[in-house]
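J.: I am attaching a structure below and will ask some questions about it afterwards.
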Amino acid sequence: MGASDSKLVFKQGIFKLSEQKAIPADDQYWTGFWQLPESAEDVFTLFSPTDIRRTRDSALENLETLILAVTSRLCTLRNHPSFPDPDLAPERDALNCIRVLTRLLPFIYESDSLEAWEEKFFWTPRRKKSKKSKAPKSEVLFESATEAPEAQEPESVETKPLAEELIDTLIDLLFFSEFTLPRAAAGKPKVTYAIWQTGVGCHTPVTSTKEYENNRTEILRLLLVLCSRAMYMTPNVLPVKGVRAITYIATCPDKQTVLSTLCSLLNTTLKYNPATWRVPYDHVVFKDNKELLVTYCLQFLLVLILYPVPENENGYAPKNFFRHFLGRLHRPQDFQFLVDGMTRILNQPMQASSSYLPGSQKSLTWAPEMLMLFWEALQCNKRFRSFIIDTDRAHDFIILVLFYALDQKNDSSKQSLIRMCVFILQTLSVEPNFGRSLNKRFEGQETLPPSIRIPNFHGTYADYLISSIYTLLTVGKGRLEAVYTALLAIINNIAPYVENLGRSTSSRLLQLFASMSSPSFLLANETNHLLLQSLLEALNAIIEHQYSKNPNLVYAILRSRKRFQTLRAFTLESGQEEIERQNQLRKEQNTGSVSRTNSIDSIRSPMSVRSPSLSNVPEEHSAFAIGDDDESENDELPQPPLQASTHSIDSPRAASISSFDETVPLQLRGMSEKARGKMPVGQPSFSRQNSISSLHTLTPTVTNNGSFLPSAEWIESWQPELPLHTLLTLVAELTPQVPLTGNEDPSTALAAIRKAVVGGIEPSAIRVHLFEWSPLSLGWYESLLWGFIFTSEMLVSKGTAGVWNSTTVKLFKVQETAAHTPSLLAPRGAVDAVGSNLVNRIGSLNLRGVGSSSRAASGGGGPPTVRDV
């Protein structure tokens with residue numbers, strides 16, 4: 001039978017699946033599903049979504065029999081003594097069974113009405129005939145995969161659920177002689193858990209072929225599909241309910257199986273070198289099948305190690321052994337292997353973006369997943385975290401992580417990736433040695449890509465990191481509001497250790513203070529004052545622990561002294577008067593839209609529904625202005641009396657999570673500052689818990705339309721607790737000793753600061769602002785990973801439809817983009833139109849509407865992408 005004839009017969013068989021009811025289980029018809037297809041493309045193109053849904057909705061009994069038939073055939077082949085013999089137990093049959101299951105399962109998962117059936121069919125223990133009884137003819141086809149009659153006969157025995165048997169078979173096939181591994185020695189079992197690549201846990205190379213690697217790829221794709229039940233659950237349900245398939249794999253008690261799988265996936269991923277024998281534009285002509293295998297290895301590895309195993313009915317959460325053993329790595333050579341592999345992959349897109357020949361190097365699409373693997377290693381393995389810090393490799397990762405954050409900062413579809421980068425930096429910053437290592441001078445900035453280069457930069461890694469954080473805070477136009485807290489937490493964590501901050505960095509910190517202390521910002525949102533409090537705590541930590549080594553920052557504080565003094569006397573009336581004065585001044589100037597560096601382009605009323613971000617607070621010509629104070633000592637700015645704080649500042653570090661996005665990971669906010677005296681009589685205590693609900697303990701007035709309306713009582717609840725004591729004491733002590741005429745020579749002022757004696761400032765305990773997970777944040781994280789996997793599949797499945805395309809995904813929102821213009825590197829034609837359109841890499845997920853669902857676009861226009869809603 002020719003290829004065309006076999007495809008026609010296969011398509012006719014697919015039509016029969018939905019047209020004929022209750023096809024007998026022993027009908028030879030079923031064998032066509034593993035004998036007729038010639039390739040994966042045949043299965044995916046001939047078995048259309050319409051065909052699958054029609055069978056699922058109108059002939060479920062046939063779909064059930066088909067799944068039993070192909071699963072039974074796969075299990076039979078795995079146990080056949082001659083597999084993979086071309087005549088007795090052909091490899092083709094096993095691959096076609098895998099492909100059919102890969103095609104069908106997503107359309108089962110998408111149907112809410114099949115949830116109970118799915119649980120019973122896949123996860124209920126079954127009974128089958130023992131070998132002592134004579135099996136009927138219909139059971140010969142299905143062997144161990146079919147259910148025996150419900151009658152409790154003596155010869156019937158209970159077997160594993162169908163899904164567990166399928167998963168066990170697939171894991172065994174990953175390590176099967178002459179299928180995915182070389183021929184086993186005589187007398188050895190066919191399944192040998194040999195690690196595929198040298199690296200962690202393996203020093204002896206294992207021979208491999210293109211066919212073995214292709215077979216591993218198809219098996220891994222089906223395992224990912226089994227785990228992709230997560231895509232059809234909402235983010236708030238997924239971490240609590242979990243996915244049965246992932247739980248079964250991750251909690252496998254067989255140590256050898258876990259370690260061999262873990263090391264095989266890890267080593268295959270990290271040994272991959274995208275630059276081997278590369279020539280310009282080779283990716284346009286050649287397809288790298290090894291890259292596809294590496295992609296699935298990395299994604300399946302991430303699905304396993306980041307999975308939080310839910311509690312069982314007894315309230316006990318079993319151990320995730322893949323994550324456990326990743327956290328047990330301890331040999332320096334293993335850590336060096338991890339670091340080298342991660343940096344090689346993460347460097348490639350950065351090098352591709354700065355190539356002299358545009359588009360000559362293919363930028364790897366799964367670098368974000370490698371960032372996720374790096375973050376997982378940091379979180380679950382303290383030794384690894386210490387290794388990269390103690391060996392100064394942390395400096396390389398700072399640059400790499402900032403590249404992925406800053407290069408995409410203006411792309412609204414990349415916001416979740418940027419958030420993850422911020423959380424990675426926060427995870428690193430909790431180590432004291434990390435903060436100390438940042439005092440090393442930054443060299444070679446001219447070799448960086450333009451998107452992360454700072455003009456005329458001369459400073460330390462601390463200067464570079466703080467300047468980059470400043471950029472993320474001020475140029476995002478509010479898109480990154482949800483991680484403002486995490487960005488400030490990074491500065492807080494490194495503050496007690498940074499030395500010799502440059503003038504530019506010091507100026508940026510004070511510009512942030514000017515923006516955050518402006519009335520327009522403070523009165524616009526009920527939590528903005530928490531950002532100001534966090535920044536003040538960071539300034540305090542630098543002054544209290546590294547005063548003598550940061551004269552530039554001290555000088556910048558002195559030049560901005562009036563802002564601190566005015567903030568101490570801040571009231572609702574003074575704030576509203578200042579806003580009105582600025583509005584009037586702007587009207588008089590009649591300048592329209594004025595562009596300013598490091599400032600806000602427009603002003604918003606504090607009564608508005610949307611609060612101004614750090615990138616749209618107006619530049620105010622007052623004590624709240626960005627930049628230095630007015631130089632004249634005889635200016636007419638408000639001059640509140642200088643008074644040291646006598647309040648007890650026991651205010652824990654609280655997160656500023658905007659009301660529109662509560663799924664972003666929380667930060668530990670229970671860190672208190674050293675008490676500064678006694679609270680005024682009647683002043684309420686300030687205490688917040690590490691929970692989302694505690695963010696609204698002090699609720700200001702809200703108007704009928706939902707906009708925020710500040711009140712004097714609300715200001716009194718937080719303004720006296722602002723940690724201004726250290727800074728006001730510094731100003732009071734140094735103002736008489738340092739000449740500040742407005743025209744002074746900075747070098748003279750710096751020399752005076754170095755010689756000055758400051759009293760009344762005592763170092764407070766160093767606080768660490770950790771990273772905290774919650775069910776909501778875990779839902780965000782899982783949706784981020786599966787969003788990566790979804791869009792990656794659209795890229796790698798050239799010639800076939802994406803596995804999950806055109807299914808109803810609930811974990812994130814899939815949105816169709818505009819069609820791309822044909823080009824040399826992205827041609828368009830009849831074949832290309834099937835499914836090889838390039839897709840924009842992963843972006844931000846549905847974090848606001850966690851319960852929404854949408855169907856992936858399958859019609860015209862551009863490829864679907866994962867986006868914010």
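Order determines the names: the first chain of the structure tokens is A, the second B, and so forth; residues in each chain are numbered 1 upward, and ligands are numbered 1 upward as they are shown.
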Excluding A:Asp407 and residues on its chain fewer than 5 positions from it, collect all residues at most 12 Å away from it, counting only C-alpha atoms, and give them as a ChimeraX atom specification.
T.: /A:349-350,353-354,399-402,414-415,417-418,421,448-453,468,471-472,476
J.: Near A:Gly435, within 12 Å and counting only C-alpha atoms, which residues show up once chain neighbours fewer than 5 positions away are dropped, as an MDAnalysis selection string?
T.: chainID A and resid 389:390 392 394:395 425:430 440 460:463 465:466 490:499 542 768
J.: Pick from A:Phe175, A:Phe374, A:Tyr29, A:Phe10: nearest to A:Thr45, with only C-alpha atoms counted?
T.: A:Phe10
J.: At a cut-off of 10 Å, using only C-alpha atoms, what residues contact A:Tyr464? Leave out same-chain residues fewer than 6 positions from it and give the result as an MDAnalysis selection string.
T.: chainID A and resid 398:399 402 438 441:442 445 452:454 457:458 470 501:502 505
J.: Using only C-alpha atoms, determine which residues lie at most 9 Å from A:Pro308, disregarding the query and same-chain residues fewer than 5 positions distant; provide the list as a list in words.
T.: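 Result of the neighbour search: Pro239, Val240, Gly242, Thr247, Ala317, Asn320 and Leu778 of chain A.
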J.: Could those selected residues go to a file with all heavy atoms, as a tab-separated table (two decimals), in the first residue's frame?
T.:
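Listing of out.tsv after writing:
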```tsv
chain	number	residue	atom	x	y	z
A	239	PRO	N	-2.64	24.78	42.25
A	239	PRO	CA	-1.73	24.42	43.35
A	239	PRO	C	-2.42	23.63	44.46
A	239	PRO	O	-1.76	22.88	45.17
A	239	PRO	CB	-1.26	25.80	43.87
A	239	PRO	CG	-1.57	26.77	42.78
A	239	PRO	CD	-2.80	26.25	42.12
A	240	VAL	N	-3.71	23.80	44.60
A	240	VAL	CA	-4.43	23.11	45.67
A	240	VAL	C	-4.82	21.69	45.24
A	240	VAL	O	-4.62	20.73	45.99
A	240	VAL	CB	-5.70	23.90	46.06
A	240	VAL	CG1	-6.48	23.16	47.14
A	240	VAL	CG2	-5.33	25.29	46.54
A	242	GLY	N	-3.74	20.06	42.27
A	242	GLY	CA	-2.63	19.34	41.68
A	242	GLY	C	-3.02	18.56	40.44
A	242	GLY	O	-4.17	18.58	39.99
A	247	THR	N	1.97	14.27	40.11
A	247	THR	CA	2.13	13.75	41.47
A	247	THR	C	2.70	12.33	41.43
A	247	THR	O	3.60	11.98	42.20
A	247	THR	CB	0.79	13.75	42.21
A	247	THR	OG1	0.30	15.10	42.32
A	247	THR	CG2	0.93	13.16	43.60
A	317	ALA	N	1.65	16.11	52.72
A	317	ALA	CA	2.14	16.36	51.37
A	317	ALA	C	3.35	15.47	51.12
A	317	ALA	O	4.41	15.67	51.73
A	317	ALA	CB	2.51	17.82	51.19
A	320	ASN	N	8.47	15.59	46.93
A	320	ASN	CA	8.83	15.63	45.51
A	320	ASN	C	10.29	15.21	45.40
A	320	ASN	O	11.20	15.98	45.71
A	320	ASN	CB	8.62	17.04	44.95
A	320	ASN	CG	8.92	17.14	43.47
A	320	ASN	OD1	9.73	16.41	42.91
A	320	ASN	ND2	8.25	18.08	42.80
A	778	LEU	N	1.98	30.47	43.58
A	778	LEU	CA	2.29	29.20	42.92
A	778	LEU	C	1.46	29.04	41.65
A	778	LEU	O	1.94	28.51	40.64
A	778	LEU	CB	2.03	28.04	43.87
A	778	LEU	CG	3.04	27.86	45.01
A	778	LEU	CD1	2.57	26.80	45.99
A	778	LEU	CD2	4.42	27.51	44.47
```
J.: Restricting the calculation to only C-alpha atoms, which member of A:Ala185, A:Leu114, A:Leu162, A:Leu487 is positioned closest to A:Thr474?
T.: A:Leu487
J.: Go through A:Asn525, A:Gln582, A:Gln576, A:Ser747 one by one, measure the shortest atom-to-atom distance of each to A:Ser707 using only C-alpha atoms, and give the residue with the smallest value.
T.: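 Of the candidates, the smallest distance to A:Ser707 is held by A:Asn525.
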J.: Taking only stretch 41-252 of chain A into account, list the residues labelled strand (DSSP E) by DSSP (computed from the backbone), as a PyMOL selection string.
T.: chain A and resi 126-129+156-159
J.: Export all heavy atoms of the chosen residues as a compact mmCIF listing (two decimals), in the first residue's frame?
T.:
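Ended up saving to result-v7.txt:
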```
# COMPACT_ATOMS: atom_id res chain seq x y z
N ARG A 126 -7.90 -1.27 38.33
CA ARG A 126 -8.69 -2.15 37.48
C ARG A 126 -8.52 -3.60 37.91
O ARG A 126 -7.63 -3.93 38.69
CB ARG A 126 -8.24 -2.00 36.01
CG ARG A 126 -8.39 -0.60 35.47
CD ARG A 126 -7.56 -0.41 34.20
NE ARG A 126 -6.14 -0.57 34.50
CZ ARG A 126 -5.26 -1.15 33.68
NH1 ARG A 126 -5.66 -1.64 32.52
NH2 ARG A 126 -3.98 -1.24 34.00
N ARG A 127 -9.39 -4.45 37.38
CA ARG A 127 -9.29 -5.88 37.61
C ARG A 127 -9.16 -6.56 36.26
O ARG A 127 -9.81 -6.19 35.29
CB ARG A 127 -10.49 -6.42 38.36
CG ARG A 127 -10.75 -5.71 39.68
CD ARG A 127 -11.65 -6.53 40.56
NE ARG A 127 -11.00 -7.73 41.05
CZ ARG A 127 -10.18 -7.76 42.12
NH1 ARG A 127 -9.92 -6.67 42.79
NH2 ARG A 127 -9.63 -8.91 42.49
N LYS A 128 -8.30 -7.55 36.17
CA LYS A 128 -8.12 -8.27 34.92
C LYS A 128 -7.99 -9.76 35.20
O LYS A 128 -7.75 -10.19 36.33
CB LYS A 128 -6.88 -7.77 34.19
CG LYS A 128 -5.57 -8.17 34.84
CD LYS A 128 -4.39 -7.85 33.95
CE LYS A 128 -3.09 -8.35 34.58
NZ LYS A 128 -1.95 -8.10 33.70
N LYS A 129 -8.13 -10.52 34.15
CA LYS A 129 -8.02 -11.97 34.27
C LYS A 129 -6.58 -12.38 34.54
O LYS A 129 -5.65 -11.83 33.96
CB LYS A 129 -8.48 -12.64 32.97
CG LYS A 129 -9.95 -12.44 32.65
CD LYS A 129 -10.82 -13.32 33.51
CE LYS A 129 -12.28 -13.24 33.05
NZ LYS A 129 -13.15 -14.12 33.85
N SER A 156 -9.46 -13.33 39.04
CA SER A 156 -9.25 -11.93 38.69
C SER A 156 -8.37 -11.27 39.73
O SER A 156 -8.48 -11.54 40.93
CB SER A 156 -10.58 -11.19 38.57
OG SER A 156 -11.21 -11.12 39.84
N VAL A 157 -7.48 -10.38 39.28
CA VAL A 157 -6.56 -9.68 40.19
C VAL A 157 -6.63 -8.18 39.92
O VAL A 157 -6.95 -7.75 38.81
CB VAL A 157 -5.11 -10.17 39.99
CG1 VAL A 157 -4.97 -11.62 40.38
CG2 VAL A 157 -4.66 -9.95 38.56
N GLU A 158 -6.32 -7.42 40.95
CA GLU A 158 -6.35 -5.95 40.81
C GLU A 158 -5.03 -5.47 40.23
O GLU A 158 -3.96 -5.93 40.62
CB GLU A 158 -6.61 -5.32 42.17
CG GLU A 158 -6.84 -3.81 42.09
CD GLU A 158 -7.24 -3.20 43.42
OE1 GLU A 158 -8.44 -3.25 43.77
OE2 GLU A 158 -6.34 -2.68 44.12
N THR A 159 -5.12 -4.54 39.29
CA THR A 159 -3.92 -3.99 38.67
C THR A 159 -3.91 -2.48 38.83
O THR A 159 -4.87 -1.87 39.30
CB THR A 159 -3.88 -4.33 37.17
OG1 THR A 159 -5.02 -3.73 36.53
CG2 THR A 159 -3.91 -5.82 36.95
```
J.: Residues near A:Ile195, anyone? I mean within 8 Å using only C-alpha atoms, not counting same-chain ones fewer than 3 positions away, as a PyMOL selection string.
T.: chain A and resi 198+201-202+206+260-261+263-264
J.: One number please: atom CA of A:Asn500 to atom CA of A:Ala765, in Å, one decimal.
T.: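 Interatomic distance, atom CA of A:Asn500 to atom CA of A:Ala765: 21.4 Å.
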J.: Could you check which of A:Ala405, A:Pro318, A:Tyr272, A:Glu91 is closest to A:Asp340, using only C-alpha atoms?
T.: A:Tyr272
J.: Skipping near chain neighbours, those fewer than 3 positions away, what residues fall within 9 Å of stretch 224-232 of chain A using only C-alpha atoms, listed as a PDB file with N, CA, C and O atoms, in the first residue's frame?
T.:
```pdb
ATOM      1  N   LEU A 101      -2.005   8.932  21.330  1.00  0.00           N
ATOM      2  CA  LEU A 101      -2.306   9.404  22.689  1.00  0.00           C
ATOM      3  C   LEU A 101      -1.949  10.875  22.856  1.00  0.00           C
ATOM      4  O   LEU A 101      -2.676  11.645  23.494  1.00  0.00           O
ATOM      5  N   THR A 102      -0.813  11.289  22.294  1.00  0.00           N
ATOM      6  CA  THR A 102      -0.401  12.691  22.360  1.00  0.00           C
ATOM      7  C   THR A 102      -1.450  13.591  21.717  1.00  0.00           C
ATOM      8  O   THR A 102      -1.733  14.693  22.212  1.00  0.00           O
ATOM      9  N   ARG A 103      -2.038  13.125  20.633  1.00  0.00           N
ATOM     10  CA  ARG A 103      -3.039  13.917  19.922  1.00  0.00           C
ATOM     11  C   ARG A 103      -4.368  13.978  20.654  1.00  0.00           C
ATOM     12  O   ARG A 103      -5.040  15.018  20.667  1.00  0.00           O
ATOM     13  N   LEU A 105      -5.260  13.290  24.116  1.00  0.00           N
ATOM     14  CA  LEU A 105      -5.428  13.656  25.525  1.00  0.00           C
ATOM     15  C   LEU A 105      -5.791  15.112  25.772  1.00  0.00           C
ATOM     16  O   LEU A 105      -6.651  15.394  26.616  1.00  0.00           O
ATOM     17  N   PRO A 106      -5.167  16.111  25.086  1.00  0.00           N
ATOM     18  CA  PRO A 106      -5.554  17.497  25.371  1.00  0.00           C
ATOM     19  C   PRO A 106      -7.039  17.774  25.151  1.00  0.00           C
ATOM     20  O   PRO A 106      -7.633  18.597  25.865  1.00  0.00           O
ATOM     21  N   TYR A 109      -8.871  16.579  28.219  1.00  0.00           N
ATOM     22  CA  TYR A 109      -8.659  17.460  29.366  1.00  0.00           C
ATOM     23  C   TYR A 109      -9.491  18.735  29.281  1.00  0.00           C
ATOM     24  O   TYR A 109      -9.904  19.284  30.301  1.00  0.00           O
ATOM     25  N   GLU A 110      -9.747  19.222  28.082  1.00  0.00           N
ATOM     26  CA  GLU A 110     -10.444  20.496  27.939  1.00  0.00           C
ATOM     27  C   GLU A 110     -11.925  20.409  28.284  1.00  0.00           C
ATOM     28  O   GLU A 110     -12.573  21.426  28.521  1.00  0.00           O
ATOM     29  N   SER A 111     -12.477  19.207  28.287  1.00  0.00           N
ATOM     30  CA  SER A 111     -13.913  19.033  28.507  1.00  0.00           C
ATOM     31  C   SER A 111     -14.225  18.897  29.991  1.00  0.00           C
ATOM     32  O   SER A 111     -13.864  17.906  30.635  1.00  0.00           O
ATOM     33  N   ASP A 112     -14.907  19.891  30.541  1.00  0.00           N
ATOM     34  CA  ASP A 112     -15.276  19.843  31.960  1.00  0.00           C
ATOM     35  C   ASP A 112     -16.230  18.687  32.250  1.00  0.00           C
ATOM     36  O   ASP A 112     -16.200  18.101  33.335  1.00  0.00           O
ATOM     37  N   ALA A 163      -3.605   5.035  33.800  1.00  0.00           N
ATOM     38  CA  ALA A 163      -2.632   6.125  33.660  1.00  0.00           C
ATOM     39  C   ALA A 163      -1.296   5.752  34.287  1.00  0.00           C
ATOM     40  O   ALA A 163      -0.230   6.066  33.729  1.00  0.00           O
ATOM     41  N   ILE A 167       2.267   5.543  32.319  1.00  0.00           N
ATOM     42  CA  ILE A 167       3.435   6.330  32.723  1.00  0.00           C
ATOM     43  C   ILE A 167       4.628   5.420  32.989  1.00  0.00           C
ATOM     44  O   ILE A 167       5.758   5.707  32.559  1.00  0.00           O
ATOM     45  N   ILE A 219       8.564  10.346  23.246  1.00  0.00           N
ATOM     46  CA  ILE A 219       8.127   9.878  24.563  1.00  0.00           C
ATOM     47  C   ILE A 219       7.987  11.050  25.526  1.00  0.00           C
ATOM     48  O   ILE A 219       6.994  11.162  26.262  1.00  0.00           O
ATOM     49  N   LEU A 220       8.973  11.944  25.527  1.00  0.00           N
ATOM     50  CA  LEU A 220       8.928  13.102  26.427  1.00  0.00           C
ATOM     51  C   LEU A 220       7.741  14.002  26.104  1.00  0.00           C
ATOM     52  O   LEU A 220       7.119  14.576  27.007  1.00  0.00           O
ATOM     53  N   ARG A 221       7.407  14.117  24.834  1.00  0.00           N
ATOM     54  CA  ARG A 221       6.262  14.953  24.469  1.00  0.00           C
ATOM     55  C   ARG A 221       4.968  14.369  25.022  1.00  0.00           C
ATOM     56  O   ARG A 221       4.114  15.105  25.530  1.00  0.00           O
ATOM     57  N   PRO A 235      -5.548  29.072  37.763  1.00  0.00           N
ATOM     58  CA  PRO A 235      -4.385  29.226  38.651  1.00  0.00           C
ATOM     59  C   PRO A 235      -4.696  29.096  40.129  1.00  0.00           C
ATOM     60  O   PRO A 235      -3.834  28.692  40.903  1.00  0.00           O
ATOM     61  N   LEU A 238      -5.177  25.005  40.606  1.00  0.00           N
ATOM     62  CA  LEU A 238      -4.061  24.113  40.293  1.00  0.00           C
ATOM     63  C   LEU A 238      -3.170  23.786  41.491  1.00  0.00           C
ATOM     64  O   LEU A 238      -2.903  22.606  41.761  1.00  0.00           O
ATOM     65  N   GLY A 242      -3.744  20.063  42.268  1.00  0.00           N
ATOM     66  CA  GLY A 242      -2.628  19.345  41.680  1.00  0.00           C
ATOM     67  C   GLY A 242      -3.021  18.562  40.438  1.00  0.00           C
ATOM     68  O   GLY A 242      -4.166  18.581  39.995  1.00  0.00           O
ATOM     69  N   VAL A 243      -2.040  17.872  39.859  1.00  0.00           N
ATOM     70  CA  VAL A 243      -2.236  17.053  38.667  1.00  0.00           C
ATOM     71  C   VAL A 243      -1.807  15.635  39.004  1.00  0.00           C
ATOM     72  O   VAL A 243      -0.670  15.404  39.432  1.00  0.00           O
ATOM     73  N   ARG A 244      -2.703  14.688  38.805  1.00  0.00           N
ATOM     74  CA  ARG A 244      -2.436  13.306  39.219  1.00  0.00           C
ATOM     75  C   ARG A 244      -1.187  12.747  38.552  1.00  0.00           C
ATOM     76  O   ARG A 244      -0.384  12.054  39.179  1.00  0.00           O
ATOM     77  N   ALA A 245      -1.010  13.023  37.272  1.00  0.00           N
ATOM     78  CA  ALA A 245       0.140  12.470  36.552  1.00  0.00           C
ATOM     79  C   ALA A 245       1.455  12.999  37.115  1.00  0.00           C
ATOM     80  O   ALA A 245       2.419  12.241  37.305  1.00  0.00           O
ATOM     81  N   ILE A 246       1.522  14.315  37.381  1.00  0.00           N
ATOM     82  CA  ILE A 246       2.764  14.887  37.914  1.00  0.00           C
ATOM     83  C   ILE A 246       3.023  14.363  39.321  1.00  0.00           C
ATOM     84  O   ILE A 246       4.167  14.050  39.688  1.00  0.00           O
ATOM     85  N   TYR A 296      12.308  19.687  25.151  1.00  0.00           N
ATOM     86  CA  TYR A 296      11.399  18.844  25.922  1.00  0.00           C
ATOM     87  C   TYR A 296      12.033  18.368  27.219  1.00  0.00           C
ATOM     88  O   TYR A 296      11.351  18.245  28.249  1.00  0.00           O
ATOM     89  N   GLN A 299      11.820  21.327  29.664  1.00  0.00           N
ATOM     90  CA  GLN A 299      10.452  21.599  30.085  1.00  0.00           C
ATOM     91  C   GLN A 299       9.907  20.514  31.003  1.00  0.00           C
ATOM     92  O   GLN A 299       9.267  20.816  32.028  1.00  0.00           O
ATOM     93  N   PHE A 300      10.156  19.256  30.662  1.00  0.00           N
ATOM     94  CA  PHE A 300       9.680  18.169  31.524  1.00  0.00           C
ATOM     95  C   PHE A 300      10.388  18.205  32.871  1.00  0.00           C
ATOM     96  O   PHE A 300       9.769  17.965  33.924  1.00  0.00           O
ATOM     97  N   VAL A 303       8.714  20.952  34.894  1.00  0.00           N
ATOM     98  CA  VAL A 303       7.387  20.534  35.341  1.00  0.00           C
ATOM     99  C   VAL A 303       7.503  19.691  36.610  1.00  0.00           C
ATOM    100  O   VAL A 303       6.696  19.839  37.540  1.00  0.00           O
ATOM    101  N   GLU A 782       3.124  28.434  38.037  1.00  0.00           N
ATOM    102  CA  GLU A 782       2.751  27.321  37.169  1.00  0.00           C
ATOM    103  C   GLU A 782       2.232  27.825  35.827  1.00  0.00           C
ATOM    104  O   GLU A 782       2.536  27.260  34.774  1.00  0.00           O
ATOM    105  N   SER A 783       1.442  28.886  35.851  1.00  0.00           N
ATOM    106  CA  SER A 783       0.919  29.421  34.594  1.00  0.00           C
ATOM    107  C   SER A 783       2.036  29.999  33.734  1.00  0.00           C
ATOM    108  O   SER A 783       1.989  29.918  32.499  1.00  0.00           O
ATOM    109  N   TRP A 786       3.792  26.855  32.108  1.00  0.00           N
ATOM    110  CA  TRP A 786       2.988  26.233  31.057  1.00  0.00           C
ATOM    111  C   TRP A 786       2.750  27.191  29.897  1.00  0.00           C
ATOM    112  O   TRP A 786       2.535  26.762  28.753  1.00  0.00           O
ATOM    113  N   GLY A 787       2.803  28.490  30.160  1.00  0.00           N
ATOM    114  CA  GLY A 787       2.765  29.441  29.053  1.00  0.00           C
ATOM    115  C   GLY A 787       4.009  29.338  28.194  1.00  0.00           C
ATOM    116  O   GLY A 787       3.936  29.399  26.955  1.00  0.00           O
ATOM    117  N   PHE A 790       3.567  26.118  26.156  1.00  0.00           N
ATOM    118  CA  PHE A 790       2.552  26.268  25.108  1.00  0.00           C
ATOM    119  C   PHE A 790       3.113  26.984  23.889  1.00  0.00           C
ATOM    120  O   PHE A 790       2.982  26.517  22.752  1.00  0.00           O
ATOM    121  N   VAL A 803       0.587  20.776  19.832  1.00  0.00           N
ATOM    122  CA  VAL A 803      -0.132  19.767  20.609  1.00  0.00           C
ATOM    123  C   VAL A 803      -1.371  20.347  21.263  1.00  0.00           C
ATOM    124  O   VAL A 803      -2.442  19.733  21.262  1.00  0.00           O
ATOM    125  N   TRP A 804      -1.248  21.547  21.827  1.00  0.00           N
ATOM    126  CA  TRP A 804      -2.351  22.125  22.590  1.00  0.00           C
ATOM    127  C   TRP A 804      -3.105  23.208  21.816  1.00  0.00           C
ATOM    128  O   TRP A 804      -4.023  23.812  22.354  1.00  0.00           O
ATOM    129  N   THR A 808      -9.214  24.477  24.676  1.00  0.00           N
ATOM    130  CA  THR A 808      -9.666  25.493  25.631  1.00  0.00           C
ATOM    131  C   THR A 808      -8.766  25.489  26.855  1.00  0.00           C
ATOM    132  O   THR A 808      -8.939  24.701  27.787  1.00  0.00           O
ATOM    133  N   VAL A 809      -7.792  26.353  26.841  1.00  0.00           N
ATOM    134  CA  VAL A 809      -6.834  26.464  27.946  1.00  0.00           C
ATOM    135  C   VAL A 809      -7.391  27.418  29.000  1.00  0.00           C
ATOM    136  O   VAL A 809      -7.914  28.480  28.675  1.00  0.00           O
ATOM    137  N   LYS A 810      -7.268  27.048  30.268  1.00  0.00           N
ATOM    138  CA  LYS A 810      -7.808  27.863  31.360  1.00  0.00           C
ATOM    139  C   LYS A 810      -6.726  28.511  32.215  1.00  0.00           C
ATOM    140  O   LYS A 810      -7.002  29.452  32.942  1.00  0.00           O
ATOM    141  N   LEU A 811      -5.518  27.991  32.164  1.00  0.00           N
ATOM    142  CA  LEU A 811      -4.467  28.474  33.059  1.00  0.00           C
ATOM    143  C   LEU A 811      -3.983  29.860  32.672  1.00  0.00           C
ATOM    144  O   LEU A 811      -3.486  30.609  33.507  1.00  0.00           O
ATOM    145  N   PHE A 812      -4.096  30.218  31.416  1.00  0.00           N
ATOM    146  CA  PHE A 812      -3.711  31.532  30.930  1.00  0.00           C
ATOM    147  C   PHE A 812      -4.567  31.842  29.719  1.00  0.00           C
ATOM    148  O   PHE A 812      -5.297  30.980  29.219  1.00  0.00           O
ATOM    149  N   SER A 853     -11.151  31.805  30.990  1.00  0.00           N
ATOM    150  CA  SER A 853     -10.637  30.821  30.044  1.00  0.00           C
ATOM    151  C   SER A 853     -10.931  31.298  28.649  1.00  0.00           C
ATOM    152  O   SER A 853     -11.837  32.081  28.416  1.00  0.00           O
TER     153      SER A 853
END
```
